[in-house]
Structures are given as structure tokens and as C-alpha cells.
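Working notes, structure below.
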Amino acid sequence: MQTEMVLTVIGHDRPGLVETIAESVASHGGNWVDSSMSRLGGEFAGIVRVLIPEDKTAALEKELTELDRDEKISVTVRKNSPNEDSPTGQLASFELLGHDQIGIVLKITQILARHQVNVLDLETSVTSASMEGSPMFKAVAELRLPDNIDIAALEEALETIANDIMVDIDLKTG
């Protein structure tokens, strides 16, 4: 029987860091299923989902936790239990663009949470505006809307906050 494990990984960015994790997973018969990894501020961070034979999970977990001491790679392991209910609800996405300011993510996610919207994926970045060079904040998100959502109310709430903080938000449903 296979066990699903979700690993969170962080370490000082360097060549071979991902290989070290992949080697540990493969040496215990694990299958690297999917991941999202990125360099952020000199650190390399990611999340990885693996499937591994149930009888190998303890050995893999032990080896991964020892990487912090030997390789200076911190790995947190969670064993996932299969969800009883498959997620339901419509998928949606949004893009946000505006001048960078403190609290943008908080204000947007407060609205999403109030409407019971689940954030499946969120990528953010700050870049220089092409003409004036001021910092521009960009966010792209994949969302799962609850079955009973009032989309008009969600759009209105996002439009209101977009006007308040002077950003553009493009919500796409369906």
C-alpha cells in the first residue's frame, strides 16, 4: 500500500539541493508526484508530494529530518490521509496588479475567506514599473469557489477593495 507524504523543504540556495531530496525519496522507493519550488531571498523553498510504500515511510522520514544536521536542509514531513470527500465547487482565477503597498494580500484574502473561497495556488511578485520605476505588486491565484457562492457579491467585494487600495483585479470564473 502506498502512503502519500507532503514535504516542505527550505535551505540556503545551492546547486544539488533538489537532487539531495530526490535521492532520498528515490532510495526509499518513493515516487515524486508533484512539487512547487522557488528561490526566495537567498533561500530555496518548496513543497513536494510523494507516494511511498507504507513500510518505507519511517525510514524516509528519519533520513529527511537528518538532512537539517548534515546538509542544512530543513524538511517537514506530513503524512496525508486521503480526503473522504472530493473537492467540489467551481474553479476560478484572478490577477491583481497595482502599486506595491503593505497589506494587499491580507485585504484580498480576507474577502476570499469571507466568501469561503479556497486559495489553491498563489504567486506574488514585486517588480519595477516600466515607465516610472515604482514598485508594482502582481498576484495570480487559482481558486475554488464554494458551491453556494454568490459570484456577484464576491465580484462586488473585490471591486470595492480594488478601488480602496487602487489596484486592478481581474476575476475569471467558469
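Letters for chains follow the order of the C-alpha cells (A, B, ...), residue numbers begin at 1 for each chain, and ligand numbers begin at 1 in the order shown.
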
* List the neighbours of A:Leu51 out to 7 Å using only C-alpha atoms; skip same-chain residues closer than 3 positions along the sequence, and give me the result as a PyMOL selection string. => chain A and resi 2-5+30-33

What does the file look like for those residues with C-alpha atoms, as a CSV table (one decimal), in the first residue's frame?
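Written file, part-v3.csv:
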```
chain,number,residue,atom,x,y,z
A,2,GLN,CA,1.2,3.5,-0.9
A,3,THR,CA,1.3,6.4,1.6
A,4,GLU,CA,1.2,10.0,0.4
A,5,MET,CA,3.7,12.3,2.1
A,30,GLY,CA,9.2,6.9,-3.4
A,31,ASN,CA,7.6,8.5,-6.4
A,32,TRP,CA,8.0,12.3,-6.7
A,33,VAL,CA,4.4,13.2,-7.8
```

* Tell me, as a count of residues only, which residues lie within 10 Å of A:Ile165, counting only C-alpha atoms; anything in the same chain fewer than 5 positions away does not count. => 8

Every residue of chain A that DSSP places in strand (DSSP E), as a PDB file with N, CA and C atoms, in the first residue's frame:
```pdb
ATOM      1  N   GLN A   2       0.481   2.246  -0.764  1.00  0.00           N
ATOM      2  CA  GLN A   2       1.236   3.495  -0.864  1.00  0.00           C
ATOM      3  C   GLN A   2       0.735   4.513   0.155  1.00  0.00           C
ATOM      4  N   THR A   3       1.655   5.281   0.683  1.00  0.00           N
ATOM      5  CA  THR A   3       1.332   6.385   1.573  1.00  0.00           C
ATOM      6  C   THR A   3       1.717   7.673   0.876  1.00  0.00           C
ATOM      7  N   GLU A   4       0.868   8.664   0.999  1.00  0.00           N
ATOM      8  CA  GLU A   4       1.180   9.977   0.443  1.00  0.00           C
ATOM      9  C   GLU A   4       1.833  10.815   1.538  1.00  0.00           C
ATOM     10  N   MET A   5       2.971  11.427   1.186  1.00  0.00           N
ATOM     11  CA  MET A   5       3.663  12.316   2.112  1.00  0.00           C
ATOM     12  C   MET A   5       3.821  13.675   1.441  1.00  0.00           C
ATOM     13  N   VAL A   6       3.630  14.719   2.211  1.00  0.00           N
ATOM     14  CA  VAL A   6       3.861  16.072   1.729  1.00  0.00           C
ATOM     15  C   VAL A   6       5.049  16.619   2.509  1.00  0.00           C
ATOM     16  N   LEU A   7       6.058  17.041   1.765  1.00  0.00           N
ATOM     17  CA  LEU A   7       7.294  17.537   2.361  1.00  0.00           C
ATOM     18  C   LEU A   7       7.394  19.038   2.132  1.00  0.00           C
ATOM     19  N   THR A   8       7.719  19.778   3.177  1.00  0.00           N
ATOM     20  CA  THR A   8       8.093  21.177   2.991  1.00  0.00           C
ATOM     21  C   THR A   8       9.593  21.243   3.175  1.00  0.00           C
ATOM     22  N   VAL A   9      10.249  21.942   2.270  1.00  0.00           N
ATOM     23  CA  VAL A   9      11.709  21.969   2.204  1.00  0.00           C
ATOM     24  C   VAL A   9      12.180  23.419   2.200  1.00  0.00           C
ATOM     25  N   ILE A  10      13.210  23.712   2.985  1.00  0.00           N
ATOM     26  CA  ILE A  10      13.846  25.028   2.919  1.00  0.00           C
ATOM     27  C   ILE A  10      15.322  24.866   3.245  1.00  0.00           C
ATOM     28  N   GLY A  11      16.131  25.550   2.484  1.00  0.00           N
ATOM     29  CA  GLY A  11      17.562  25.520   2.707  1.00  0.00           C
ATOM     30  C   GLY A  11      18.224  26.658   1.954  1.00  0.00           C
ATOM     31  N   HIS A  12      19.435  26.994   2.333  1.00  0.00           N
ATOM     32  CA  HIS A  12      20.165  28.028   1.619  1.00  0.00           C
ATOM     33  C   HIS A  12      20.356  27.569   0.180  1.00  0.00           C
ATOM     34  N   ASN A  31       7.919   7.842  -5.098  1.00  0.00           N
ATOM     35  CA  ASN A  31       7.629   8.455  -6.380  1.00  0.00           C
ATOM     36  C   ASN A  31       7.341   9.938  -6.163  1.00  0.00           C
ATOM     37  N   TRP A  32       8.143  10.803  -6.770  1.00  0.00           N
ATOM     38  CA  TRP A  32       7.986  12.257  -6.701  1.00  0.00           C
ATOM     39  C   TRP A  32       6.812  12.599  -7.605  1.00  0.00           C
ATOM     40  N   VAL A  33       5.667  12.966  -7.033  1.00  0.00           N
ATOM     41  CA  VAL A  33       4.440  13.154  -7.802  1.00  0.00           C
ATOM     42  C   VAL A  33       4.315  14.584  -8.328  1.00  0.00           C
ATOM     43  N   ASP A  34       4.335  15.556  -7.445  1.00  0.00           N
ATOM     44  CA  ASP A  34       4.311  16.939  -7.895  1.00  0.00           C
ATOM     45  C   ASP A  34       4.947  17.831  -6.849  1.00  0.00           C
ATOM     46  N   SER A  35       5.325  19.031  -7.306  1.00  0.00           N
ATOM     47  CA  SER A  35       6.031  19.942  -6.408  1.00  0.00           C
ATOM     48  C   SER A  35       5.921  21.367  -6.911  1.00  0.00           C
ATOM     49  N   SER A  36       6.210  22.274  -6.024  1.00  0.00           N
ATOM     50  CA  SER A  36       6.345  23.688  -6.352  1.00  0.00           C
ATOM     51  C   SER A  36       7.523  24.185  -5.534  1.00  0.00           C
ATOM     52  N   MET A  37       8.548  24.678  -6.215  1.00  0.00           N
ATOM     53  CA  MET A  37       9.769  25.091  -5.530  1.00  0.00           C
ATOM     54  C   MET A  37      10.258  26.399  -6.130  1.00  0.00           C
ATOM     55  N   SER A  38      10.917  27.200  -5.301  1.00  0.00           N
ATOM     56  CA  SER A  38      11.359  28.500  -5.785  1.00  0.00           C
ATOM     57  C   SER A  38      12.451  29.073  -4.886  1.00  0.00           C
ATOM     58  N   ARG A  39      13.296  29.894  -5.484  1.00  0.00           N
ATOM     59  CA  ARG A  39      14.304  30.634  -4.735  1.00  0.00           C
ATOM     60  C   ARG A  39      13.675  31.941  -4.277  1.00  0.00           C
ATOM     61  N   LEU A  40      13.735  32.192  -2.987  1.00  0.00           N
ATOM     62  CA  LEU A  40      13.168  33.401  -2.406  1.00  0.00           C
ATOM     63  C   LEU A  40      14.175  33.990  -1.431  1.00  0.00           C
ATOM     64  N   GLU A  43      17.135  31.910  -0.095  1.00  0.00           N
ATOM     65  CA  GLU A  43      16.735  30.599   0.393  1.00  0.00           C
ATOM     66  C   GLU A  43      15.999  29.886  -0.731  1.00  0.00           C
ATOM     67  N   PHE A  44      16.011  28.566  -0.683  1.00  0.00           N
ATOM     68  CA  PHE A  44      15.276  27.763  -1.635  1.00  0.00           C
ATOM     69  C   PHE A  44      14.197  27.057  -0.849  1.00  0.00           C
ATOM     70  N   ALA A  45      12.956  27.243  -1.251  1.00  0.00           N
ATOM     71  CA  ALA A  45      11.838  26.675  -0.507  1.00  0.00           C
ATOM     72  C   ALA A  45      10.899  25.948  -1.448  1.00  0.00           C
ATOM     73  N   GLY A  46      10.261  24.930  -0.928  1.00  0.00           N
ATOM     74  CA  GLY A  46       9.317  24.218  -1.761  1.00  0.00           C
ATOM     75  C   GLY A  46       8.453  23.268  -0.990  1.00  0.00           C
ATOM     76  N   ILE A  47       7.511  22.735  -1.724  1.00  0.00           N
ATOM     77  CA  ILE A  47       6.616  21.723  -1.191  1.00  0.00           C
ATOM     78  C   ILE A  47       6.558  20.607  -2.224  1.00  0.00           C
ATOM     79  N   VAL A  48       6.638  19.381  -1.751  1.00  0.00           N
ATOM     80  CA  VAL A  48       6.718  18.209  -2.624  1.00  0.00           C
ATOM     81  C   VAL A  48       5.728  17.168  -2.131  1.00  0.00           C
ATOM     82  N   ARG A  49       5.015  16.551  -3.076  1.00  0.00           N
ATOM     83  CA  ARG A  49       4.125  15.444  -2.736  1.00  0.00           C
ATOM     84  C   ARG A  49       4.738  14.179  -3.303  1.00  0.00           C
ATOM     85  N   VAL A  50       4.911  13.178  -2.444  1.00  0.00           N
ATOM     86  CA  VAL A  50       5.483  11.907  -2.866  1.00  0.00           C
ATOM     87  C   VAL A  50       4.556  10.766  -2.449  1.00  0.00           C
ATOM     88  N   LEU A  51       4.632   9.685  -3.203  1.00  0.00           N
ATOM     89  CA  LEU A  51       3.978   8.435  -2.838  1.00  0.00           C
ATOM     90  C   LEU A  51       5.073   7.440  -2.525  1.00  0.00           C
ATOM     91  N   ILE A  52       4.914   6.722  -1.420  1.00  0.00           N
ATOM     92  CA  ILE A  52       5.973   5.820  -0.972  1.00  0.00           C
ATOM     93  C   ILE A  52       5.336   4.577  -0.357  1.00  0.00           C
ATOM     94  N   PRO A  53       5.974   3.426  -0.513  1.00  0.00           N
ATOM     95  CA  PRO A  53       5.444   2.227   0.141  1.00  0.00           C
ATOM     96  C   PRO A  53       5.313   2.471   1.647  1.00  0.00           C
ATOM     97  N   ILE A  73      19.440  21.407   5.327  1.00  0.00           N
ATOM     98  CA  ILE A  73      18.164  21.461   4.619  1.00  0.00           C
ATOM     99  C   ILE A  73      17.084  21.059   5.615  1.00  0.00           C
ATOM    100  N   SER A  74      16.174  21.946   5.884  1.00  0.00           N
ATOM    101  CA  SER A  74      15.093  21.655   6.816  1.00  0.00           C
ATOM    102  C   SER A  74      13.913  21.066   6.046  1.00  0.00           C
ATOM    103  N   VAL A  75      13.475  19.893   6.470  1.00  0.00           N
ATOM    104  CA  VAL A  75      12.361  19.209   5.816  1.00  0.00           C
ATOM    105  C   VAL A  75      11.324  18.859   6.877  1.00  0.00           C
ATOM    106  N   THR A  76      10.097  19.263   6.628  1.00  0.00           N
ATOM    107  CA  THR A  76       8.984  18.888   7.481  1.00  0.00           C
ATOM    108  C   THR A  76       8.135  17.895   6.705  1.00  0.00           C
ATOM    109  N   VAL A  77       7.737  16.821   7.370  1.00  0.00           N
ATOM    110  CA  VAL A  77       7.002  15.749   6.705  1.00  0.00           C
ATOM    111  C   VAL A  77       5.599  15.656   7.287  1.00  0.00           C
ATOM    112  N   ARG A  78       4.619  15.573   6.388  1.00  0.00           N
ATOM    113  CA  ARG A  78       3.245  15.299   6.799  1.00  0.00           C
ATOM    114  C   ARG A  78       2.740  14.124   5.997  1.00  0.00           C
ATOM    115  N   LYS A  79       2.183  13.173   6.698  1.00  0.00           N
ATOM    116  CA  LYS A  79       1.532  12.058   6.011  1.00  0.00           C
ATOM    117  C   LYS A  79       0.099  12.471   5.767  1.00  0.00           C
ATOM    118  N   ASN A  80      -0.286  12.371   4.524  1.00  0.00           N
ATOM    119  CA  ASN A  80      -1.624  12.776   4.133  1.00  0.00           C
ATOM    120  C   ASN A  80      -2.574  11.614   4.207  1.00  0.00           C
ATOM    121  N   LEU A  91     -13.987  26.168 -10.322  1.00  0.00           N
ATOM    122  CA  LEU A  91     -12.646  26.735 -10.324  1.00  0.00           C
ATOM    123  C   LEU A  91     -12.702  28.151 -10.880  1.00  0.00           C
ATOM    124  N   ALA A  92     -11.831  29.002 -10.377  1.00  0.00           N
ATOM    125  CA  ALA A  92     -11.751  30.392 -10.830  1.00  0.00           C
ATOM    126  C   ALA A  92     -10.301  30.840 -10.704  1.00  0.00           C
ATOM    127  N   SER A  93     -10.028  32.014 -11.230  1.00  0.00           N
ATOM    128  CA  SER A  93      -8.691  32.583 -11.089  1.00  0.00           C
ATOM    129  C   SER A  93      -8.813  34.095 -10.990  1.00  0.00           C
ATOM    130  N   PHE A  94      -7.751  34.702 -10.470  1.00  0.00           N
ATOM    131  CA  PHE A  94      -7.716  36.155 -10.525  1.00  0.00           C
ATOM    132  C   PHE A  94      -6.292  36.626 -10.723  1.00  0.00           C
ATOM    133  N   GLU A  95      -6.206  37.807 -11.291  1.00  0.00           N
ATOM    134  CA  GLU A  95      -4.936  38.514 -11.427  1.00  0.00           C
ATOM    135  C   GLU A  95      -5.117  39.875 -10.801  1.00  0.00           C
ATOM    136  N   LEU A  96      -4.111  40.308 -10.091  1.00  0.00           N
ATOM    137  CA  LEU A  96      -4.131  41.611  -9.438  1.00  0.00           C
ATOM    138  C   LEU A  96      -2.864  42.334  -9.839  1.00  0.00           C
ATOM    139  N   LEU A  97      -2.972  43.628 -10.116  1.00  0.00           N
ATOM    140  CA  LEU A  97      -1.811  44.451 -10.431  1.00  0.00           C
ATOM    141  C   LEU A  97      -2.037  45.845  -9.875  1.00  0.00           C
ATOM    142  N   GLY A  98      -1.037  46.361  -9.180  1.00  0.00           N
ATOM    143  CA  GLY A  98      -1.132  47.708  -8.632  1.00  0.00           C
ATOM    144  C   GLY A  98       0.164  48.103  -7.962  1.00  0.00           C
ATOM    145  N   HIS A  99       0.217  49.367  -7.548  1.00  0.00           N
ATOM    146  CA  HIS A  99       1.405  49.835  -6.836  1.00  0.00           C
ATOM    147  C   HIS A  99       1.551  49.055  -5.537  1.00  0.00           C
ATOM    148  N   ASN A 118     -11.543  29.012  -1.485  1.00  0.00           N
ATOM    149  CA  ASN A 118     -10.311  28.320  -1.152  1.00  0.00           C
ATOM    150  C   ASN A 118      -9.215  28.728  -2.146  1.00  0.00           C
ATOM    151  N   VAL A 119      -8.085  29.189  -1.640  1.00  0.00           N
ATOM    152  CA  VAL A 119      -6.949  29.536  -2.487  1.00  0.00           C
ATOM    153  C   VAL A 119      -6.161  28.257  -2.755  1.00  0.00           C
ATOM    154  N   LEU A 120      -6.119  27.829  -4.022  1.00  0.00           N
ATOM    155  CA  LEU A 120      -5.403  26.615  -4.404  1.00  0.00           C
ATOM    156  C   LEU A 120      -3.953  26.904  -4.737  1.00  0.00           C
ATOM    157  N   ASP A 121      -3.702  28.058  -5.336  1.00  0.00           N
ATOM    158  CA  ASP A 121      -2.351  28.431  -5.735  1.00  0.00           C
ATOM    159  C   ASP A 121      -2.277  29.946  -5.737  1.00  0.00           C
ATOM    160  N   LEU A 122      -1.188  30.484  -5.217  1.00  0.00           N
ATOM    161  CA  LEU A 122      -0.996  31.931  -5.170  1.00  0.00           C
ATOM    162  C   LEU A 122       0.461  32.238  -5.460  1.00  0.00           C
ATOM    163  N   GLU A 123       0.689  33.059  -6.459  1.00  0.00           N
ATOM    164  CA  GLU A 123       2.027  33.529  -6.778  1.00  0.00           C
ATOM    165  C   GLU A 123       2.013  35.050  -6.752  1.00  0.00           C
ATOM    166  N   THR A 124       2.985  35.619  -6.060  1.00  0.00           N
ATOM    167  CA  THR A 124       3.080  37.075  -5.975  1.00  0.00           C
ATOM    168  C   THR A 124       4.494  37.511  -6.315  1.00  0.00           C
ATOM    169  N   SER A 125       4.605  38.753  -6.772  1.00  0.00           N
ATOM    170  CA  SER A 125       5.921  39.317  -7.041  1.00  0.00           C
ATOM    171  C   SER A 125       5.833  40.831  -7.023  1.00  0.00           C
ATOM    172  N   VAL A 126       6.968  41.454  -6.784  1.00  0.00           N
ATOM    173  CA  VAL A 126       7.089  42.900  -6.858  1.00  0.00           C
ATOM    174  C   VAL A 126       8.158  43.201  -7.904  1.00  0.00           C
ATOM    175  N   THR A 127       7.798  44.030  -8.881  1.00  0.00           N
ATOM    176  CA  THR A 127       8.721  44.428  -9.940  1.00  0.00           C
ATOM    177  C   THR A 127       8.657  45.932 -10.104  1.00  0.00           C
ATOM    178  N   SER A 128       9.597  46.477 -10.848  1.00  0.00           N
ATOM    179  CA  SER A 128       9.596  47.911 -11.133  1.00  0.00           C
ATOM    180  C   SER A 128       8.667  48.209 -12.295  1.00  0.00           C
ATOM    181  N   PRO A 135       7.655  50.440  -7.443  1.00  0.00           N
ATOM    182  CA  PRO A 135       7.366  49.016  -7.256  1.00  0.00           C
ATOM    183  C   PRO A 135       5.909  48.685  -7.573  1.00  0.00           C
ATOM    184  N   MET A 136       5.724  47.655  -8.397  1.00  0.00           N
ATOM    185  CA  MET A 136       4.394  47.174  -8.761  1.00  0.00           C
ATOM    186  C   MET A 136       4.211  45.776  -8.177  1.00  0.00           C
ATOM    187  N   PHE A 137       3.064  45.562  -7.558  1.00  0.00           N
ATOM    188  CA  PHE A 137       2.734  44.279  -6.960  1.00  0.00           C
ATOM    189  C   PHE A 137       1.835  43.518  -7.925  1.00  0.00           C
ATOM    190  N   LYS A 138       2.170  42.247  -8.139  1.00  0.00           N
ATOM    191  CA  LYS A 138       1.361  41.392  -9.002  1.00  0.00           C
ATOM    192  C   LYS A 138       1.040  40.116  -8.240  1.00  0.00           C
ATOM    193  N   ALA A 139      -0.198  39.679  -8.357  1.00  0.00           N
ATOM    194  CA  ALA A 139      -0.624  38.421  -7.755  1.00  0.00           C
ATOM    195  C   ALA A 139      -1.460  37.661  -8.778  1.00  0.00           C
ATOM    196  N   VAL A 140      -1.229  36.370  -8.841  1.00  0.00           N
ATOM    197  CA  VAL A 140      -2.010  35.471  -9.690  1.00  0.00           C
ATOM    198  C   VAL A 140      -2.431  34.309  -8.805  1.00  0.00           C
ATOM    199  N   ALA A 141      -3.719  33.978  -8.840  1.00  0.00           N
ATOM    200  CA  ALA A 141      -4.217  32.931  -7.957  1.00  0.00           C
ATOM    201  C   ALA A 141      -5.193  32.017  -8.690  1.00  0.00           C
ATOM    202  N   GLU A 142      -5.163  30.759  -8.283  1.00  0.00           N
ATOM    203  CA  GLU A 142      -6.177  29.790  -8.679  1.00  0.00           C
ATOM    204  C   GLU A 142      -7.049  29.564  -7.454  1.00  0.00           C
ATOM    205  N   LEU A 143      -8.342  29.534  -7.660  1.00  0.00           N
ATOM    206  CA  LEU A 143      -9.293  29.480  -6.562  1.00  0.00           C
ATOM    207  C   LEU A 143     -10.305  28.365  -6.776  1.00  0.00           C
ATOM    208  N   ARG A 144     -10.892  27.890  -5.677  1.00  0.00           N
ATOM    209  CA  ARG A 144     -12.053  27.000  -5.760  1.00  0.00           C
ATOM    210  C   ARG A 144     -13.184  27.710  -5.019  1.00  0.00           C
ATOM    211  N   VAL A 167      -5.880  49.097  -7.018  1.00  0.00           N
ATOM    212  CA  VAL A 167      -5.289  48.026  -7.803  1.00  0.00           C
ATOM    213  C   VAL A 167      -6.336  47.542  -8.811  1.00  0.00           C
ATOM    214  N   ASP A 168      -5.863  46.851  -9.831  1.00  0.00           N
ATOM    215  CA  ASP A 168      -6.766  46.224 -10.792  1.00  0.00           C
ATOM    216  C   ASP A 168      -6.865  44.742 -10.438  1.00  0.00           C
ATOM    217  N   ILE A 169      -8.097  44.236 -10.378  1.00  0.00           N
ATOM    218  CA  ILE A 169      -8.338  42.826 -10.119  1.00  0.00           C
ATOM    219  C   ILE A 169      -9.206  42.284 -11.243  1.00  0.00           C
ATOM    220  N   ASP A 170      -8.747  41.202 -11.829  1.00  0.00           N
ATOM    221  CA  ASP A 170      -9.500  40.543 -12.891  1.00  0.00           C
ATOM    222  C   ASP A 170      -9.854  39.137 -12.417  1.00  0.00           C
ATOM    223  N   LEU A 171     -11.109  38.927 -12.051  1.00  0.00           N
ATOM    224  CA  LEU A 171     -11.602  37.632 -11.606  1.00  0.00           C
ATOM    225  C   LEU A 171     -12.204  36.921 -12.791  1.00  0.00           C
ATOM    226  N   LYS A 172     -11.786  35.672 -13.007  1.00  0.00           N
ATOM    227  CA  LYS A 172     -12.318  34.866 -14.100  1.00  0.00           C
ATOM    228  C   LYS A 172     -12.946  33.615 -13.519  1.00  0.00           C
ATOM    229  N   THR A 173     -14.208  33.409 -13.827  1.00  0.00           N
ATOM    230  CA  THR A 173     -14.905  32.215 -13.360  1.00  0.00           C
ATOM    231  C   THR A 173     -15.296  31.373 -14.577  1.00  0.00           C
TER     232      THR A 173
END
```

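Checking A:Ser27, A:Gly16, A:Gly89, A:Ala58 one by one against A:Glu71, counting only C-alpha atoms, you find the shortest gap at A:Gly16.
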
* Asked: Between atom CA of A:Ile21 and atom CA of A:Glu54, what is the distance, to one decimal in Å?
  -> 18.5 Å

* Asked: With only C-alpha atoms as the atoms that count, which of A:Gly42, A:Gln116, A:His28, A:Asp13 lies nearest to A:Lys72?
  -> A:Asp13

* Asked: In Å to one decimal, how far is atom CA of A:Ile108 from atom CA of A:Ala129?
  -> 21.5 Å
